[in-house]
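Have a look at the structure below, then the notes.
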Amino acid sequence: MAGSPQQLFRTFWFGIILLLGLLCLAALLSLAELKKQRPLPIYGRIADFTLTNQDGRVTTLADLTNHVWVADIIFTRCAGPCPRMTAQMKSVQDHLPENANVKLVTLTTDPDYDSPELLQRYGEHYGADFDRWMFLTGTKDEIAGLAANSLKLGSTPIVPADQKNAADLFIHTTIFVIVDKHAQLRGPIFQTGGDDVNWTNAVRPSLLTAIKKLEREP
């Protein structure tokens, strides 16, 4: 027995709404797939550099060529965001597969204090795998050449009158940046150890996705 006109009308519009919903879902899935396939933007090239790692070995851009790498800048005396940033970098290390063609690079903004030996102890404290995670120091000009000029990682000393405590020495960026296998700075920028309570010490899935995307590039 056929339904009433009102029932048929409701069924018709329910079908229309369901169809529109499915079309919207399909469109969103399509946009998400396109976003995955879209290459990450290029922000510039990394200039060659000469710094010293935690083993006292000279390290240059050639040591990172053909690797995807993630970089940040900290200082070991930091009582602010640096411990959280380093814990987050450790989380990146822990999430990388054993065969990942990825390096992690931590620069110090306090080279007068952060010697290779001290950086090694600092890395050991956080469980760094030195085969894939390097801690770099050098002269202030050498560090600025890589950090500020190439990686867009800034650092400014705090004048003694404005220091809140003995470890309150620098204001610096609290981000991770990512570099591709051809020494190109790529996007996006990943906020790390500031007041980002939603990330805590874990690695953001979006950073791992970016790493994998750059690993797949030729």
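The chains in the structure tokens are called A, B, ... from first to last as shown; in each chain the residues are counted from 1, and the ligands are counted from 1 in the order shown.
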- Message: Taking 3 positions as the minimum chain separation for residues in the same chain, which residues sit within 8 Å of Arg186 in chain A when counting only C-alpha atoms? Answer as a PyMOL selection string.
- Response: chain A and resi 40-44+177-180
Write a file of the selected residues as an mmCIF file, in the first residue's frame, keeping all heavy atoms.
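The resulting selection.cif:
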data_model
loop_
_atom_site.group_PDB
_atom_site.id
_atom_site.type_symbol
_atom_site.label_atom_id
_atom_site.label_comp_id
_atom_site.auth_asym_id
_atom_site.auth_seq_id
_atom_site.Cartn_x
_atom_site.Cartn_y
_atom_site.Cartn_z
ATOM 1 N N LEU A 40 55.349 20.315 -0.221
ATOM 2 C CA LEU A 40 55.548 21.334 0.800
ATOM 3 C C LEU A 40 56.248 22.536 0.178
ATOM 4 O O LEU A 40 57.123 22.386 -0.678
ATOM 5 C CB LEU A 40 56.394 20.776 1.935
ATOM 6 C CG LEU A 40 55.833 19.567 2.696
ATOM 7 C CD1 LEU A 40 56.835 19.099 3.743
ATOM 8 C CD2 LEU A 40 54.511 19.898 3.339
ATOM 9 N N PRO A 41 55.901 23.750 0.592
ATOM 10 C CA PRO A 41 56.529 24.945 0.013
ATOM 11 C C PRO A 41 58.023 24.999 0.325
ATOM 12 O O PRO A 41 58.493 24.466 1.334
ATOM 13 C CB PRO A 41 55.776 26.100 0.679
ATOM 14 C CG PRO A 41 55.193 25.520 1.921
ATOM 15 C CD PRO A 41 54.887 24.092 1.604
ATOM 16 N N ILE A 42 58.766 25.658 -0.556
ATOM 17 C CA ILE A 42 60.205 25.855 -0.395
ATOM 18 C C ILE A 42 60.442 27.284 0.076
ATOM 19 O O ILE A 42 60.001 28.240 -0.561
ATOM 20 C CB ILE A 42 60.951 25.597 -1.713
ATOM 21 C CG1 ILE A 42 60.751 24.143 -2.160
ATOM 22 C CG2 ILE A 42 62.441 25.915 -1.555
ATOM 23 C CD1 ILE A 42 61.305 23.844 -3.543
ATOM 24 N N TYR A 43 61.157 27.440 1.192
ATOM 25 C CA TYR A 43 61.414 28.761 1.759
ATOM 26 C C TYR A 43 62.807 29.291 1.428
ATOM 27 O O TYR A 43 63.093 30.458 1.674
ATOM 28 C CB TYR A 43 61.256 28.721 3.284
ATOM 29 C CG TYR A 43 59.852 28.438 3.754
ATOM 30 C CD1 TYR A 43 59.628 27.681 4.898
ATOM 31 C CD2 TYR A 43 58.741 28.909 3.054
ATOM 32 C CE1 TYR A 43 58.335 27.421 5.346
ATOM 33 C CE2 TYR A 43 57.460 28.649 3.492
ATOM 34 C CZ TYR A 43 57.260 27.907 4.635
ATOM 35 O OH TYR A 43 55.984 27.640 5.076
ATOM 36 N N GLY A 44 63.679 28.448 0.918
ATOM 37 C CA GLY A 44 65.027 28.899 0.597
ATOM 38 C C GLY A 44 66.020 27.755 0.701
ATOM 39 O O GLY A 44 65.673 26.642 1.111
ATOM 40 N N VAL A 177 62.139 23.265 12.316
ATOM 41 C CA VAL A 177 62.083 23.477 10.868
ATOM 42 C C VAL A 177 62.544 22.198 10.194
ATOM 43 O O VAL A 177 63.246 21.370 10.792
ATOM 44 C CB VAL A 177 62.937 24.675 10.424
ATOM 45 C CG1 VAL A 177 62.358 25.979 10.979
ATOM 46 C CG2 VAL A 177 64.392 24.515 10.852
ATOM 47 N N ILE A 178 62.163 22.041 8.937
ATOM 48 C CA ILE A 178 62.457 20.800 8.223
ATOM 49 C C ILE A 178 63.134 21.127 6.901
ATOM 50 O O ILE A 178 62.770 22.085 6.219
ATOM 51 C CB ILE A 178 61.158 19.972 8.042
ATOM 52 C CG1 ILE A 178 61.463 18.585 7.498
ATOM 53 C CG2 ILE A 178 60.155 20.696 7.169
ATOM 54 C CD1 ILE A 178 60.279 17.632 7.599
ATOM 55 N N VAL A 179 64.157 20.349 6.577
ATOM 56 C CA VAL A 179 64.975 20.554 5.388
ATOM 57 C C VAL A 179 64.935 19.284 4.545
ATOM 58 O O VAL A 179 64.975 18.167 5.081
ATOM 59 C CB VAL A 179 66.431 20.883 5.778
ATOM 60 C CG1 VAL A 179 67.300 21.090 4.537
ATOM 61 C CG2 VAL A 179 66.473 22.125 6.674
ATOM 62 N N ASP A 180 64.843 19.462 3.219
ATOM 63 C CA ASP A 180 64.748 18.279 2.362
ATOM 64 C C ASP A 180 66.127 17.757 1.966
ATOM 65 O O ASP A 180 67.166 18.283 2.384
ATOM 66 C CB ASP A 180 63.870 18.562 1.134
ATOM 67 C CG ASP A 180 64.484 19.584 0.183
ATOM 68 O OD1 ASP A 180 65.706 19.821 0.235
ATOM 69 O OD2 ASP A 180 63.723 20.134 -0.655
#
- Task: Could you give me, as a PyMOL selection string, the residues within 9 Å of Gly138 in chain A, counting only C-alpha atoms and dropping anything in the same chain fewer than 4 positions from it?
- Result: chain A and resi 50-53+108+111-112+115+142-143
- All residues 12 Å or closer to Ala62 in chain A, only C-alpha atoms, same chain fewer than 4 positions away omitted, as a ChimeraX atom specification: /A:46-51,58,66-67,181-183
- Item | Pick from A:Lys140, A:Ala210, A:Gln93, A:Phe130 nearest to Asp110 in chain A, counting only C-alpha atoms |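 Going through A:Lys140, A:Ala210, A:Gln93, A:Phe130 one by one, the smallest distance to Asp110 in chain A is for A:Lys140.
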- Task: Going by DSSP on the backbone, which bits of range 88-169 of chain A are strand (DSSP E or B)? Write them as a list of chain:residue names, please.
- Result: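 Result set for range 88-169 of chain A (strand (DSSP E or B)): A:Val102, A:Lys103, A:Leu104, A:Val105, A:Thr106, A:Leu107, A:Thr108, A:Trp133, A:Met134, A:Phe135, A:Leu136, A:Thr137, A:Ser155, A:Thr156, A:Pro157.
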Would you write out those residues with N, CA and C atoms, as a PDB file, in the first residue's frame?
ATOM      1  N   VAL A 102      66.738  10.111   7.827  1.00  0.00           N
ATOM      2  CA  VAL A 102      66.406  11.366   8.510  1.00  0.00           C
ATOM      3  C   VAL A 102      67.452  11.663   9.573  1.00  0.00           C
ATOM      4  N   LYS A 103      67.852  12.931   9.676  1.00  0.00           N
ATOM      5  CA  LYS A 103      68.751  13.381  10.715  1.00  0.00           C
ATOM      6  C   LYS A 103      68.047  14.436  11.563  1.00  0.00           C
ATOM      7  N   LEU A 104      68.465  14.549  12.806  1.00  0.00           N
ATOM      8  CA  LEU A 104      67.977  15.569  13.718  1.00  0.00           C
ATOM      9  C   LEU A 104      69.154  16.466  14.087  1.00  0.00           C
ATOM     10  N   VAL A 105      68.914  17.776  14.074  1.00  0.00           N
ATOM     11  CA  VAL A 105      69.995  18.738  14.298  1.00  0.00           C
ATOM     12  C   VAL A 105      69.563  19.735  15.368  1.00  0.00           C
ATOM     13  N   THR A 106      70.318  19.792  16.449  1.00  0.00           N
ATOM     14  CA  THR A 106      70.072  20.770  17.500  1.00  0.00           C
ATOM     15  C   THR A 106      71.265  21.717  17.589  1.00  0.00           C
ATOM     16  N   LEU A 107      70.998  23.000  17.407  1.00  0.00           N
ATOM     17  CA  LEU A 107      72.028  24.027  17.509  1.00  0.00           C
ATOM     18  C   LEU A 107      71.979  24.662  18.897  1.00  0.00           C
ATOM     19  N   THR A 108      73.125  25.080  19.386  1.00  0.00           N
ATOM     20  CA  THR A 108      73.137  25.846  20.630  1.00  0.00           C
ATOM     21  C   THR A 108      73.203  27.333  20.318  1.00  0.00           C
ATOM     22  N   TRP A 133      71.157  11.981  15.526  1.00  0.00           N
ATOM     23  CA  TRP A 133      70.862  13.273  16.157  1.00  0.00           C
ATOM     24  C   TRP A 133      72.172  13.952  16.523  1.00  0.00           C
ATOM     25  N   MET A 134      72.460  15.092  15.912  1.00  0.00           N
ATOM     26  CA  MET A 134      73.695  15.813  16.191  1.00  0.00           C
ATOM     27  C   MET A 134      73.407  17.120  16.915  1.00  0.00           C
ATOM     28  N   PHE A 135      74.324  17.463  17.822  1.00  0.00           N
ATOM     29  CA  PHE A 135      74.265  18.716  18.575  1.00  0.00           C
ATOM     30  C   PHE A 135      75.455  19.557  18.119  1.00  0.00           C
ATOM     31  N   LEU A 136      75.186  20.758  17.607  1.00  0.00           N
ATOM     32  CA  LEU A 136      76.226  21.544  16.958  1.00  0.00           C
ATOM     33  C   LEU A 136      76.528  22.836  17.698  1.00  0.00           C
ATOM     34  N   THR A 137      77.823  23.144  17.769  1.00  0.00           N
ATOM     35  CA  THR A 137      78.286  24.396  18.331  1.00  0.00           C
ATOM     36  C   THR A 137      79.341  24.982  17.404  1.00  0.00           C
ATOM     37  N   SER A 155      67.710  34.109  17.698  1.00  0.00           N
ATOM     38  CA  SER A 155      68.117  34.120  19.102  1.00  0.00           C
ATOM     39  C   SER A 155      68.636  35.507  19.453  1.00  0.00           C
ATOM     40  N   THR A 156      68.217  36.007  20.618  1.00  0.00           N
ATOM     41  CA  THR A 156      68.647  37.329  21.081  1.00  0.00           C
ATOM     42  C   THR A 156      69.058  37.235  22.543  1.00  0.00           C
ATOM     43  N   PRO A 157      70.258  37.707  22.887  1.00  0.00           N
ATOM     44  CA  PRO A 157      70.663  37.694  24.311  1.00  0.00           C
ATOM     45  C   PRO A 157      69.771  38.626  25.133  1.00  0.00           C
TER      46      PRO A 157
END
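Using only C-alpha atoms, the smallest distance between any of A:Ala147, A:Pro83, A:Tyr113, A:Asp131 and Asn99 in chain A comes from A:Asp131.
In this model, the gap between CA of His125 in chain A and CA of Glu98 in chain A comes to 21.1 Å.
Separating CA of Cys82 in chain A from CA of Arg45 in chain A is a distance of 26.0 Å.
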